[in-house]
Structures are given as structure tokens and as C-alpha cells.
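K.L.:
Provided below: target_23.pdb, containing PDB, C-alpha atoms.
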```pdb
MODEL        1
ATOM      1  CA  MET A   1      66.803  63.604 124.789
ATOM      2  CA  ASN A   2      64.508  66.645 125.119
ATOM      3  CA  GLY A   3      65.340  70.177 123.888
ATOM      4  CA  LEU A   4      66.665  71.398 127.232
ATOM      5  CA  GLY A   5      68.864  68.348 127.541
ATOM      6  CA  LYS A   6      70.387  69.027 124.139
ATOM      7  CA  ILE A   7      71.045  72.658 125.069
ATOM      8  CA  CYS A   8      72.813  71.706 128.269
ATOM      9  CA  TYR A   9      74.765  69.002 126.468
ATOM     10  CA  THR A  10      76.007  71.474 123.852
ATOM     11  CA  ALA A  11      76.923  73.995 126.505
ATOM     12  CA  ALA A  12      78.984  71.423 128.322
ATOM     13  CA  MET A  13      80.676  70.155 125.157
ATOM     14  CA  LEU A  14      81.621  73.534 123.624
ATOM     15  CA  THR A  15      85.084  74.021 125.107
ATOM     16  CA  VAL A  16      87.066  77.249 125.171
ATOM     17  CA  MET A  17      89.304  76.002 122.357
ATOM     18  CA  GLN A  18      86.280  75.083 120.254
ATOM     19  CA  ALA A  19      84.773  78.515 120.923
ATOM     20  CA  ILE A  20      88.022  80.180 119.797
ATOM     21  CA  ILE A  21      88.144  78.137 116.595
ATOM     22  CA  LEU A  22      84.464  78.654 115.787
ATOM     23  CA  GLY A  23      84.693  82.379 116.584
ATOM     24  CA  LEU A  24      87.672  82.862 114.283
ATOM     25  CA  ILE A  25      85.961  80.843 111.555
ATOM     26  CA  GLN A  26      82.834  82.966 111.784
ATOM     27  CA  GLY A  27      84.743  86.251 111.860
ATOM     28  CA  PHE A  28      86.869  85.447 108.831
ATOM     29  CA  THR A  29      84.347  83.594 106.698
ATOM     30  CA  GLU A  30      81.369  85.912 107.282
ATOM     31  CA  LEU A  31      83.006  88.553 105.086
ATOM     32  CA  PHE A  32      84.975  86.266 102.795
ATOM     33  CA  PRO A  33      82.519  85.002 100.140
ATOM     34  CA  ILE A  34      82.839  81.386 101.293
ATOM     35  CA  SER A  35      79.929  80.975 103.774
ATOM     36  CA  SER A  36      80.512  81.346 107.485
ATOM     37  CA  LEU A  37      77.477  79.210 108.316
ATOM     38  CA  GLY A  38      78.640  76.433 106.021
ATOM     39  CA  HIS A  39      82.073  76.367 107.642
ATOM     40  CA  SER A  40      80.538  76.459 111.116
ATOM     41  CA  VAL A  41      78.646  73.287 110.217
ATOM     42  CA  ILE A  42      81.310  71.469 108.191
ATOM     43  CA  ILE A  43      84.451  72.015 110.275
ATOM     44  CA  PRO A  44      83.092  70.680 113.607
ATOM     45  CA  SER A  45      81.966  67.552 111.753
ATOM     46  CA  LEU A  46      85.362  67.153 110.095
ATOM     47  CA  LEU A  47      87.055  67.506 113.482
ATOM     48  CA  GLY A  48      84.708  65.009 115.080
ATOM     49  CA  TRP A  49      83.247  67.424 117.628
ATOM     50  CA  ASN A  50      80.136  66.050 119.277
ATOM     51  CA  ILE A  51      78.101  69.237 118.973
ATOM     52  CA  HIS A  52      74.370  69.450 118.262
ATOM     53  CA  GLN A  53      74.543  72.119 115.557
ATOM     54  CA  GLY A  54      70.784  72.456 115.178
ATOM     55  CA  ASP A  55      69.864  73.223 118.782
ATOM     56  CA  GLY A  56      69.312  76.521 120.551
ATOM     57  CA  ALA A  57      72.669  76.749 122.316
ATOM     58  CA  PHE A  58      74.768  76.450 119.176
ATOM     59  CA  LEU A  59      72.530  78.921 117.351
ATOM     60  CA  THR A  60      72.785  81.359 120.262
ATOM     61  CA  PHE A  61      76.579  81.091 120.083
ATOM     62  CA  LEU A  62      76.381  81.933 116.364
ATOM     63  CA  VAL A  63      74.089  84.895 117.133
ATOM     64  CA  ALA A  64      76.689  86.316 119.523
ATOM     65  CA  THR A  65      79.525  85.935 117.007
ATOM     66  CA  HIS A  66      77.401  87.514 114.275
ATOM     67  CA  LEU A  67      76.674  90.489 116.530
ATOM     68  CA  ALA A  68      80.409  90.912 117.106
ATOM     69  CA  THR A  69      81.018  90.831 113.349
ATOM     70  CA  ALA A  70      78.294  93.413 112.667
ATOM     71  CA  THR A  71      79.755  95.701 115.347
ATOM     72  CA  VAL A  72      83.201  95.542 113.754
ATOM     73  CA  LEU A  73      81.727  96.248 110.308
ATOM     74  CA  PHE A  74      79.862  99.259 111.637
ATOM     75  CA  LEU A  75      82.956 100.676 113.341
ATOM     76  CA  PHE A  76      85.181  99.997 110.309
ATOM     77  CA  PHE A  77      82.838 101.964 108.033
ATOM     78  CA  TRP A  78      81.917 104.496 110.726
ATOM     79  CA  LYS A  79      82.748 107.545 108.585
ATOM     80  CA  ASP A  80      80.663 106.159 105.734
ATOM     81  CA  TRP A  81      77.703 105.545 108.040
ATOM     82  CA  VAL A  82      77.930 109.137 109.290
ATOM     83  CA  LEU A  83      77.752 110.398 105.689
ATOM     84  CA  ILE A  84      74.898 108.009 104.910
ATOM     85  CA  GLY A  85      73.005 108.975 108.054
ATOM     86  CA  ARG A  86      73.321 112.670 107.255
ATOM     87  CA  GLY A  87      72.174 111.977 103.700
ATOM     88  CA  LEU A  88      69.090 110.153 104.929
ATOM     89  CA  LEU A  89      68.247 113.039 107.262
ATOM     90  CA  ARG A  90      68.644 115.562 104.417
ATOM     91  CA  SER A  91      66.304 113.558 102.197
ATOM     92  CA  LEU A  92      63.724 113.203 104.952
ATOM     93  CA  SER A  93      63.896 116.916 105.709
ATOM     94  CA  ALA A  94      63.531 117.839 102.022
ATOM     95  CA  ARG A  95      61.043 115.005 101.390
ATOM     96  CA  LYS A  96      62.961 114.054  98.278
ATOM     97  CA  ILE A  97      66.288 112.588  97.219
ATOM     98  CA  ASP A  98      68.393 115.158  95.404
ATOM     99  CA  SER A  99      69.967 113.689  92.281
ATOM    100  CA  SER A 100      73.376 115.021  93.357
ATOM    101  CA  ASP A 101      73.140 113.717  96.947
ATOM    102  CA  THR A 102      75.196 110.535  96.623
ATOM    103  CA  TYR A 103      74.957 109.418 100.230
ATOM    104  CA  ALA A 104      71.225 110.038 100.551
ATOM    105  CA  LYS A 105      70.709 107.782  97.525
ATOM    106  CA  ILE A 106      73.073 105.121  98.919
ATOM    107  CA  GLY A 107      71.246 105.268 102.249
ATOM    108  CA  TRP A 108      67.876 104.539 100.658
ATOM    109  CA  LEU A 109      69.406 101.874  98.405
ATOM    110  CA  LEU A 110      70.616 100.149 101.583
ATOM    111  CA  VAL A 111      67.144 100.428 103.093
ATOM    112  CA  VAL A 112      65.374  98.871 100.093
ATOM    113  CA  GLY A 113      68.145  96.283  99.779
ATOM    114  CA  THR A 114      67.892  95.268 103.435
ATOM    115  CA  VAL A 115      64.112  94.887 103.655
ATOM    116  CA  PRO A 116      63.698  91.851 101.345
ATOM    117  CA  ALA A 117      66.513  89.926 102.993
ATOM    118  CA  GLY A 118      65.017  90.662 106.404
ATOM    119  CA  ILE A 119      61.533  89.537 105.388
ATOM    120  CA  LEU A 120      62.780  86.373 103.700
ATOM    121  CA  GLY A 121      64.926  85.616 106.744
ATOM    122  CA  LEU A 122      61.992  85.882 109.125
ATOM    123  CA  LEU A 123      59.753  83.755 106.889
ATOM    124  CA  LEU A 124      62.232  81.023 106.002
ATOM    125  CA  GLU A 125      64.615  80.719 108.963
ATOM    126  CA  GLN A 126      62.614  78.118 110.866
ATOM    127  CA  SER A 127      62.053  75.891 107.845
ATOM    128  CA  ILE A 128      65.725  76.024 106.824
ATOM    129  CA  ARG A 129      67.151  75.630 110.347
ATOM    130  CA  SER A 130      67.059  71.824 110.090
ATOM    131  CA  LEU A 131      69.746  72.036 107.405
ATOM    132  CA  LEU A 132      72.179  73.196 110.096
ATOM    133  CA  ALA A 133      72.505  69.655 111.346
ATOM    134  CA  SER A 134      73.747  68.313 107.994
ATOM    135  CA  ALA A 135      77.399  68.847 107.118
ATOM    136  CA  GLN A 136      76.836  66.894 103.894
ATOM    137  CA  ILE A 137      74.234  69.396 102.710
ATOM    138  CA  ALA A 138      76.464  72.324 103.699
ATOM    139  CA  ALA A 139      79.358  70.837 101.701
ATOM    140  CA  PHE A 140      77.085  70.397  98.659
ATOM    141  CA  PHE A 141      75.916  74.003  98.800
ATOM    142  CA  LEU A 142      79.506  75.181  99.243
ATOM    143  CA  ILE A 143      80.113  73.749  95.764
ATOM    144  CA  ILE A 144      77.017  75.573  94.514
ATOM    145  CA  ASN A 145      78.402  78.766  96.043
ATOM    146  CA  GLY A 146      81.572  78.318  94.022
ATOM    147  CA  PHE A 147      79.562  78.038  90.799
ATOM    148  CA  ILE A 148      77.568  81.150  91.727
ATOM    149  CA  LEU A 149      80.764  83.170  92.115
ATOM    150  CA  LEU A 150      82.235  81.897  88.844
ATOM    151  CA  THR A 151      79.001  82.549  86.971
ATOM    152  CA  ALA A 152      78.822  86.099  88.295
ATOM    153  CA  GLU A 153      82.382  86.793  87.160
ATOM    154  CA  LYS A 154      81.618  85.379  83.709
ATOM    155  CA  LEU A 155      78.395  87.373  83.267
ATOM    156  CA  ARG A 156      79.537  90.564  84.975
ATOM    157  CA  LYS A 157      78.691  93.783  83.162
ATOM    158  CA  ASN A 158      81.606  95.912  84.310
ATOM    159  CA  HIS A 159      85.362  95.387  84.150
ATOM    160  CA  ASP A 160      86.998  98.794  84.152
ATOM    161  CA  LYS A 161      85.424 101.475  86.375
ATOM    162  CA  LYS A 162      87.384 102.633  89.403
ATOM    163  CA  GLN A 163      85.776 102.553  92.837
ATOM    164  CA  ASN A 164      83.459 105.485  93.372
ATOM    165  CA  ASP A 165      80.440 105.812  95.623
ATOM    166  CA  LYS A 166      78.669 107.534  92.737
ATOM    167  CA  ASN A 167      78.757 104.194  90.908
ATOM    168  CA  ILE A 168      76.752 102.636  93.738
ATOM    169  CA  ALA A 169      74.373 105.611  93.870
ATOM    170  CA  LYS A 170      73.505 105.062  90.196
ATOM    171  CA  LEU A 171      71.870 101.706  90.962
ATOM    172  CA  THR A 172      68.132 101.544  90.402
ATOM    173  CA  TRP A 173      65.803 100.633  93.252
ATOM    174  CA  TRP A 174      64.973  97.280  91.659
ATOM    175  CA  ARG A 175      68.629  96.392  91.257
ATOM    176  CA  ALA A 176      69.290  97.234  94.908
ATOM    177  CA  ILE A 177      66.355  95.011  95.881
ATOM    178  CA  GLY A 178      67.817  92.218  93.760
ATOM    179  CA  VAL A 179      71.264  92.522  95.346
ATOM    180  CA  GLY A 180      69.732  92.678  98.815
ATOM    181  CA  SER A 181      67.469  89.703  98.168
ATOM    182  CA  ALA A 182      70.496  87.646  97.174
ATOM    183  CA  GLN A 183      71.623  87.823 100.813
ATOM    184  CA  ALA A 184      68.735  85.547 101.775
ATOM    185  CA  GLY A 185      70.651  82.688 100.181
ATOM    186  CA  ALA A 186      72.907  82.744 103.237
ATOM    187  CA  LEU A 187      70.113  81.074 105.216
ATOM    188  CA  ILE A 188      71.342  77.885 103.522
ATOM    189  CA  PRO A 189      74.620  76.631 105.032
ATOM    190  CA  GLY A 190      77.226  76.722 102.275
ATOM    191  CA  ILE A 191      75.816  79.758 100.465
ATOM    192  CA  SER A 192      77.691  82.930 101.325
ATOM    193  CA  ARG A 193      75.882  86.142 102.237
ATOM    194  CA  SER A 194      78.723  88.358 101.059
ATOM    195  CA  GLY A 195      79.349  86.142  98.034
ATOM    196  CA  SER A 196      75.704  86.292  96.944
ATOM    197  CA  SER A 197      75.468  90.061  97.316
ATOM    198  CA  MET A 198      78.841  90.625  95.613
ATOM    199  CA  ALA A 199      77.737  88.384  92.749
ATOM    200  CA  GLY A 200      74.511  90.364  92.528
ATOM    201  CA  GLY A 201      76.496  93.593  92.474
ATOM    202  CA  LEU A 202      78.600  92.389  89.548
ATOM    203  CA  LEU A 203      75.494  91.377  87.620
ATOM    204  CA  VAL A 204      73.880  94.821  87.993
ATOM    205  CA  GLY A 205      76.950  96.702  86.794
ATOM    206  CA  LEU A 206      79.257  97.294  89.751
ATOM    207  CA  ASN A 207      82.935  96.407  89.622
ATOM    208  CA  ASN A 208      84.489  94.092  92.223
ATOM    209  CA  GLU A 209      85.539  96.885  94.554
ATOM    210  CA  ASP A 210      82.154  98.649  94.472
ATOM    211  CA  ALA A 211      80.306  95.333  94.769
ATOM    212  CA  ALA A 212      82.354  94.403  97.849
ATOM    213  CA  ARG A 213      81.803  97.825  99.425
ATOM    214  CA  PHE A 214      78.038  97.705  98.828
ATOM    215  CA  SER A 215      77.973  94.138 100.160
ATOM    216  CA  PHE A 216      79.725  95.103 103.406
ATOM    217  CA  LEU A 217      77.403  98.061 103.927
ATOM    218  CA  LEU A 218      74.359  95.868 103.227
ATOM    219  CA  ALA A 219      75.596  93.180 105.598
ATOM    220  CA  THR A 220      75.924  95.489 108.609
ATOM    221  CA  PRO A 221      72.206  96.156 109.302
ATOM    222  CA  ILE A 222      70.968  92.687 108.301
ATOM    223  CA  ILE A 223      73.518  90.813 110.427
ATOM    224  CA  GLY A 224      73.165  93.249 113.307
ATOM    225  CA  ALA A 225      69.354  93.251 113.283
ATOM    226  CA  ALA A 226      69.148  89.456 113.094
ATOM    227  CA  ALA A 227      71.511  89.163 116.048
ATOM    228  CA  LEU A 228      69.777  91.843 118.116
ATOM    229  CA  LEU A 229      66.399  90.143 117.680
ATOM    230  CA  LYS A 230      67.790  87.073 119.427
ATOM    231  CA  LEU A 231      70.021  88.886 121.887
ATOM    232  CA  PRO A 232      67.637  88.257 124.842
ATOM    233  CA  GLN A 233      68.482  84.565 124.527
ATOM    234  CA  LEU A 234      72.016  85.339 125.667
ATOM    235  CA  PHE A 235      70.695  86.526 129.025
ATOM    236  CA  SER A 236      68.636  83.428 129.663
ATOM    237  CA  SER A 237      69.751  81.405 132.687
ATOM    238  CA  THR A 238      69.775  78.376 130.369
ATOM    239  CA  TYR A 239      73.055  79.640 128.900
ATOM    240  CA  ASN A 240      74.910  80.495 132.127
ATOM    241  CA  ALA A 241      77.388  77.649 131.652
ATOM    242  CA  MET A 242      78.059  78.707 128.097
ATOM    243  CA  ARG A 243      78.657  82.426 128.609
ATOM    244  CA  PRO A 244      82.478  82.212 128.901
ATOM    245  CA  ALA A 245      82.627  80.320 125.605
ATOM    246  CA  ILE A 246      80.205  82.793 124.013
ATOM    247  CA  LEU A 247      82.295  85.779 125.163
ATOM    248  CA  ILE A 248      85.581  84.294 123.989
ATOM    249  CA  GLY A 249      84.067  83.194 120.682
ATOM    250  CA  SER A 250      82.623  86.665 120.104
ATOM    251  CA  LEU A 251      85.960  88.371 120.750
ATOM    252  CA  CYS A 252      87.651  86.004 118.324
ATOM    253  CA  ALA A 253      84.927  86.653 115.745
ATOM    254  CA  ALA A 254      85.473  90.401 116.133
ATOM    255  CA  ALA A 255      89.220  90.018 115.606
ATOM    256  CA  GLY A 256      88.686  87.796 112.562
ATOM    257  CA  ALA A 257      86.152  90.199 111.064
ATOM    258  CA  TYR A 258      88.460  93.187 111.480
ATOM    259  CA  LEU A 259      91.399  91.447 109.820
ATOM    260  CA  SER A 260      89.267  90.076 106.999
ATOM    261  CA  VAL A 261      87.521  93.363 106.123
ATOM    262  CA  ARG A 262      90.855  95.180 106.065
ATOM    263  CA  PHE A 263      92.260  92.543 103.737
ATOM    264  CA  LEU A 264      89.236  92.327 101.444
ATOM    265  CA  VAL A 265      88.854  96.085 100.955
ATOM    266  CA  LYS A 266      92.393  96.108  99.515
ATOM    267  CA  PHE A 267      92.059  92.737  97.765
ATOM    268  CA  PHE A 268      89.102  93.728  95.593
ATOM    269  CA  LYS A 269      90.865  96.824  94.292
ATOM    270  CA  THR A 270      92.730  94.581  91.854
ATOM    271  CA  ASN A 271      91.283  91.064  92.236
ATOM    272  CA  THR A 272      88.094  89.117  91.540
ATOM    273  CA  LEU A 273      85.872  86.473  93.158
ATOM    274  CA  LYS A 274      87.537  83.632  91.250
ATOM    275  CA  PRO A 275      90.027  82.533  93.970
ATOM    276  CA  PHE A 276      87.159  82.166  96.434
ATOM    277  CA  ALA A 277      85.073  80.313  93.857
ATOM    278  CA  TYR A 278      87.845  77.768  93.291
ATOM    279  CA  TYR A 279      88.290  77.369  97.047
ATOM    280  CA  CYS A 280      84.574  76.631  97.495
ATOM    281  CA  LEU A 281      84.578  74.104  94.649
ATOM    282  CA  ILE A 282      87.614  72.259  96.016
ATOM    283  CA  ALA A 283      86.731  72.451  99.722
ATOM    284  CA  GLY A 284      83.109  71.490  99.088
ATOM    285  CA  SER A 285      84.094  68.548  96.886
ATOM    286  CA  VAL A 286      86.683  67.231  99.341
ATOM    287  CA  ALA A 287      84.278  67.556 102.287
ATOM    288  CA  SER A 288      81.459  65.900 100.318
ATOM    289  CA  LEU A 289      83.706  62.970  99.414
ATOM    290  CA  TYR A 290      84.841  62.629 103.027
ATOM    291  CA  PHE A 291      81.296  62.577 104.376
ATOM    292  CA  PHE A 292      80.251  60.106 101.684
ATOM    293  CA  VAL A 293      82.961  57.514 102.360
ATOM    294  CA  ARG A 294      83.381  57.785 106.114
TER     295      ARG A 294
ENDMDL
END
```
Using the file provided, produce a representation of the structure as C-alpha cells.
P.N.:
Amino acid sequence: MNGLGKICYTAAMLTVMQAIILGLIQGFTELFPISSLGHSVIIPSLLGWNIHQGDGAFLTFLVATHLATATVLFLFFWKDWVLIGRGLLRSLSARKIDSSDTYAKIGWLLVVGTVPAGILGLLLEQSIRSLLASAQIAAFFLIINGFILLTAEKLRKNHDKKQNDKNIAKLTWWRAIGVGSAQAGALIPGISRSGSSMAGGLLVGLNNEDAARFSFLLATPIIGAAALLKLPQLFSSTYNAMRPAILIGSLCAAAGAYLSVRFLVKFFKTNTLKPFAYYCLIAGSVASLYFFVR
């Protein structure tokens, strides 16, 4: 079957109910540190859906749901982005970053943290895309994701500080680059973008609440930019039959993202990454065993 045939086949097979389920999965798991891409690969295989997860149509569906998630993130932190935007403008006008200008510093930390993930994504996406078709590999890396989260909690440098944007602003440029680069791990199904960046935040001295906040702010431009780059695909006549499913899936992703970010912002005030680590270890192990014996 040629590429176009696969695209049409996927479009025909992705039902409204499947789009709803996949949209909700993406919306919830993109922000939870448990890998949205991994779940989008594993769950259809567990449910026996005959979907070609490596072809253009499925990837375009994921692009649309990611764009919906990024939009919700941006709107949820709208007030923060206004402060950050004003800070960036002040620093550009003054041609320096004032040591007391918290939001100018955070703005530039987000810039330097976003660039490496963007570059790595552009360079590695094509070579890693083939992994999308393997639920077994996604399940294996979900286990790895669990170990990453546990390791970060064990090695974390900070246990006590209360949430404060000044804590984030104290990060060095190299540490911001390190946290941002960790997001590139999400190119591998099973490795969580938010989990990797939160783990990186803990390792450079942030507490769980600050690490989650910095992770959500970092995720907004990288998810949004990646989706916008491929947005023209959504208007291709190739995907006419799939547009209702794409729209419904995107709305469900937006709803899931809103509920999850509201929950997680409160959750990390008093909790850690450990519950998500244990989930990844158990879910990944069960899925791996299932795929091995079936």
C-alpha cells in the first residue's frame, strides 16, 4: 500500500469515538509527566484499533491536538505571559536584563530553554518517527520514564522552598538550556516532555511546584511552534474526510489539558513526581508483558 493509501485508510478508520478517546488522552497526558505520545501509541494497540500510527494522517491528528493543548496552556497562564512579554520588551529597550527584573530574566530563560529543544526536534524528528509504529518500544520507554522521575526525586537539590518566580529567575543560562534540552526526550514515545523538564528542574535546584511551573511555561512555545509548523497539513484536501475527527479530537484535547493543568498546579504544591513514576513503571511493565505474550 502506498503512502496516500495509508493516509486514506487511517482517515477512514479513525472514528469519532476513537478521536474523542485519543484527544482526551493527549490533553491529559501531555501535561501529566507520563508521555502523551507513548499513550497515543500504546492504547490504540491495546484496544486493537487498526490504525497506522506512523503515517501522515495520524501524525496530523496529533499535531492538531497538540495545538489545542498549547492554546489552553497559553490562555491558562495568560497573565504570566503578559508579565513575561513586558519584561522582554523592557530588557530589549534597555539592552540589558536588570538583576531585579524577575520576568525579564524568566522570559530570556524560556528563550534559551526553548531553542535547544526546537533544534533537536527539527534534526531528530524524522529519524525517530519510525518508533511511532511500535507500541512495544513505547511501553519500554514508559518504564524508562518512570526511572527518570524516581531518579530526579532522589537526586533533587531542593526540598523546602515555597513557590516563587524569583526562584526560577535565579537559574543560570546553562541550567535553563539543560532543562529545555530535556524536553527533546519527548520525541521518543514513552518519554514525557513535562516529566523530563520537571526532572531537570528538580536537578538544577527548583522545588516541585517551581519545576512544574517552569515546565508548563517551557512547553507552551515548543508545543505551539511544532504544531504551527505543520498546520498547513490540516488544510490539505488529503485530510477532508478526517477533519470532523480532527476537530472533535482537538476539542477533547483542549478540555483534557485545561482540567489537567488546573489539577497539577495544585497537586505540586504539596506532592512529588513519585506517583507518576510508579504509574509509568507499572503501566509500562504490564503493557510490555501483554505485547510480548500476545
K.L.:
Might you spell out which residues the PyMOL selection byres ((chain A and resi 40) around 10) would select in the displayed file, as a list in words?
P.N.:
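This file gives the following for the PyMOL selection byres ((chain A and resi 40) around 10): Ile21, Leu22, Gly23, Ile25, Gln26, Thr29, Ser35, Ser36, Leu37, Gly38, His39, Val41, Ile42, Ile43, Pro44, Ser45, Gln53, Phe58, Leu62, Leu132, Ala135, Ala138, Pro189 and Gly190 of chain A.
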K.L.:
Grab the atom CA of A:Phe32 to atom CA of A:Ala57 distance for me, in Å with one decimal place.
P.N.:
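Between these atoms lies a distance of 25.0 Å.
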K.L.:
Please expand the PyMOL selection byres ((chain A and resi 149-157) around 7) into the concrete residues it hits in this file, giving the result as number ranges by chain.
P.N.:
A: 145-148, 158-159, 195, 199, 202-205, 273-274, 277
K.L.:
Restricting the calculation to only C-alpha atoms, which member of A:Ala169, A:Gln136, A:Gln163, A:Arg243 is positioned closest to A:Ile84?
P.N.:
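Of the candidates, the smallest distance to A:Ile84 is held by A:Ala169.
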K.L.:
Would you translate the PyMOL selection byres ((chain A and resi 102) around 9) into the concrete set of residues it matches in this file, as a PDB file with C-alpha atoms, in the frame of the given file?
P.N.:
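selection.pdb written:
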```pdb
ATOM      1  CA  ILE A  84      74.898 108.009 104.910  1.00  0.00           C
ATOM      2  CA  GLY A  87      72.174 111.977 103.700  1.00  0.00           C
ATOM      3  CA  ASP A  98      68.393 115.158  95.404  1.00  0.00           C
ATOM      4  CA  SER A  99      69.967 113.689  92.281  1.00  0.00           C
ATOM      5  CA  SER A 100      73.376 115.021  93.357  1.00  0.00           C
ATOM      6  CA  ASP A 101      73.140 113.717  96.947  1.00  0.00           C
ATOM      7  CA  TYR A 103      74.957 109.418 100.230  1.00  0.00           C
ATOM      8  CA  ALA A 104      71.225 110.038 100.551  1.00  0.00           C
ATOM      9  CA  LYS A 105      70.709 107.782  97.525  1.00  0.00           C
ATOM     10  CA  ILE A 106      73.073 105.121  98.919  1.00  0.00           C
ATOM     11  CA  GLY A 107      71.246 105.268 102.249  1.00  0.00           C
ATOM     12  CA  ASP A 165      80.440 105.812  95.623  1.00  0.00           C
ATOM     13  CA  LYS A 166      78.669 107.534  92.737  1.00  0.00           C
ATOM     14  CA  ILE A 168      76.752 102.636  93.738  1.00  0.00           C
ATOM     15  CA  ALA A 169      74.373 105.611  93.870  1.00  0.00           C
ATOM     16  CA  LYS A 170      73.505 105.062  90.196  1.00  0.00           C
TER      17      LYS A 170
END
```
K.L.:
For a test of reading the model, state the distance in Å between atom CA of A:Phe77 and atom CA of A:Ile248, rounded to one decimal.
P.N.:
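Between atom CA of A:Phe77 and atom CA of A:Ile248 the gap is 24.0 Å.
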K.L.:
One decimal, in Å: what's the spacing between atom CA of A:Gly185 and atom CA of A:Ser285?
P.N.:
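Calculated distance between atom CA of A:Gly185 and atom CA of A:Ser285 is 19.8 Å.
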K.L.:
Write out as a count of residues only the residues lying within 8 Å of A:Ala176, counting only C-alpha atoms and excluding same-chain residues fewer than 4 positions away.
P.N.:
7
K.L.:
Taking every listed atom of stretch 205-210 of chain A and adding 5 Å to each side, what centre and edge lengths in Å (one decimal) does the axis-aligned box have, as JSON?
P.N.:
```
{"center_x": 81.2, "center_y": 96.4, "center_z": 90.7, "size_x": 18.6, "size_y": 14.6, "size_z": 17.8}
```
K.L.:
Mind filling out stretch 32-53 of chain A with N, CA and C atoms and sending it as a PDB file, in the coordinates of the input?
P.N.:
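Heads up, here's the output in out.pdb:
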```
ATOM      1  N   PHE A  32      84.486  86.965 103.974  1.00  0.00           N
ATOM      2  CA  PHE A  32      84.975  86.266 102.795  1.00  0.00           C
ATOM      3  C   PHE A  32      83.779  85.577 102.140  1.00  0.00           C
ATOM      4  N   PRO A  33      83.702  85.567 100.820  1.00  0.00           N
ATOM      5  CA  PRO A  33      82.519  85.002 100.140  1.00  0.00           C
ATOM      6  C   PRO A  33      82.528  83.477 100.093  1.00  0.00           C
ATOM      7  N   ILE A  34      82.710  82.846 101.259  1.00  0.00           N
ATOM      8  CA  ILE A  34      82.839  81.386 101.293  1.00  0.00           C
ATOM      9  C   ILE A  34      81.923  80.738 102.335  1.00  0.00           C
ATOM     10  N   SER A  35      80.966  81.481 102.871  1.00  0.00           N
ATOM     11  CA  SER A  35      79.929  80.975 103.774  1.00  0.00           C
ATOM     12  C   SER A  35      80.417  80.665 105.182  1.00  0.00           C
ATOM     13  N   SER A  36      80.158  81.573 106.085  1.00  0.00           N
ATOM     14  CA  SER A  36      80.512  81.346 107.485  1.00  0.00           C
ATOM     15  C   SER A  36      79.662  80.235 108.090  1.00  0.00           C
ATOM     16  N   LEU A  37      78.369  80.219 107.754  1.00  0.00           N
ATOM     17  CA  LEU A  37      77.477  79.210 108.316  1.00  0.00           C
ATOM     18  C   LEU A  37      77.862  77.819 107.829  1.00  0.00           C
ATOM     19  N   GLY A  38      78.210  77.722 106.553  1.00  0.00           N
ATOM     20  CA  GLY A  38      78.640  76.433 106.021  1.00  0.00           C
ATOM     21  C   GLY A  38      79.875  75.912 106.724  1.00  0.00           C
ATOM     22  N   HIS A  39      80.845  76.791 106.959  1.00  0.00           N
ATOM     23  CA  HIS A  39      82.073  76.367 107.642  1.00  0.00           C
ATOM     24  C   HIS A  39      81.805  76.030 109.104  1.00  0.00           C
ATOM     25  N   SER A  40      80.867  76.750 109.719  1.00  0.00           N
ATOM     26  CA  SER A  40      80.538  76.459 111.116  1.00  0.00           C
ATOM     27  C   SER A  40      79.851  75.112 111.274  1.00  0.00           C
ATOM     28  N   VAL A  41      79.277  74.606 110.193  1.00  0.00           N
ATOM     29  CA  VAL A  41      78.646  73.287 110.217  1.00  0.00           C
ATOM     30  C   VAL A  41      79.634  72.208 109.805  1.00  0.00           C
ATOM     31  N   ILE A  42      80.414  72.484 108.759  1.00  0.00           N
ATOM     32  CA  ILE A  42      81.310  71.469 108.191  1.00  0.00           C
ATOM     33  C   ILE A  42      82.504  71.179 109.088  1.00  0.00           C
ATOM     34  N   ILE A  43      83.189  72.222 109.559  1.00  0.00           N
ATOM     35  CA  ILE A  43      84.451  72.015 110.275  1.00  0.00           C
ATOM     36  C   ILE A  43      84.276  71.229 111.572  1.00  0.00           C
ATOM     37  N   PRO A  44      83.264  71.524 112.424  1.00  0.00           N
ATOM     38  CA  PRO A  44      83.092  70.680 113.607  1.00  0.00           C
ATOM     39  C   PRO A  44      82.874  69.207 113.258  1.00  0.00           C
ATOM     40  N   SER A  45      82.175  68.944 112.165  1.00  0.00           N
ATOM     41  CA  SER A  45      81.966  67.552 111.753  1.00  0.00           C
ATOM     42  C   SER A  45      83.259  66.922 111.283  1.00  0.00           C
ATOM     43  N   LEU A  46      84.078  67.673 110.553  1.00  0.00           N
ATOM     44  CA  LEU A  46      85.362  67.153 110.095  1.00  0.00           C
ATOM     45  C   LEU A  46      86.286  66.846 111.268  1.00  0.00           C
ATOM     46  N   LEU A  47      86.191  67.686 112.313  1.00  0.00           N
ATOM     47  CA  LEU A  47      87.055  67.506 113.482  1.00  0.00           C
ATOM     48  C   LEU A  47      86.492  66.506 114.491  1.00  0.00           C
ATOM     49  N   GLY A  48      85.291  66.015 114.205  1.00  0.00           N
ATOM     50  CA  GLY A  48      84.708  65.009 115.080  1.00  0.00           C
ATOM     51  C   GLY A  48      84.164  65.556 116.379  1.00  0.00           C
ATOM     52  N   TRP A  49      83.811  66.839 116.413  1.00  0.00           N
ATOM     53  CA  TRP A  49      83.247  67.424 117.628  1.00  0.00           C
ATOM     54  C   TRP A  49      81.818  66.954 117.801  1.00  0.00           C
ATOM     55  N   ASN A  50      81.484  66.551 118.988  1.00  0.00           N
ATOM     56  CA  ASN A  50      80.136  66.050 119.277  1.00  0.00           C
ATOM     57  C   ASN A  50      79.246  67.214 119.703  1.00  0.00           C
ATOM     58  N   ILE A  51      78.899  68.036 118.715  1.00  0.00           N
ATOM     59  CA  ILE A  51      78.101  69.237 118.973  1.00  0.00           C
ATOM     60  C   ILE A  51      76.782  69.123 118.226  1.00  0.00           C
ATOM     61  N   HIS A  52      75.687  69.445 118.900  1.00  0.00           N
ATOM     62  CA  HIS A  52      74.370  69.450 118.262  1.00  0.00           C
ATOM     63  C   HIS A  52      74.199  70.794 117.563  1.00  0.00           C
ATOM     64  N   GLN A  53      74.495  70.838 116.267  1.00  0.00           N
ATOM     65  CA  GLN A  53      74.543  72.119 115.557  1.00  0.00           C
ATOM     66  C   GLN A  53      73.168  72.705 115.261  1.00  0.00           C
TER      67      GLN A  53
END
```
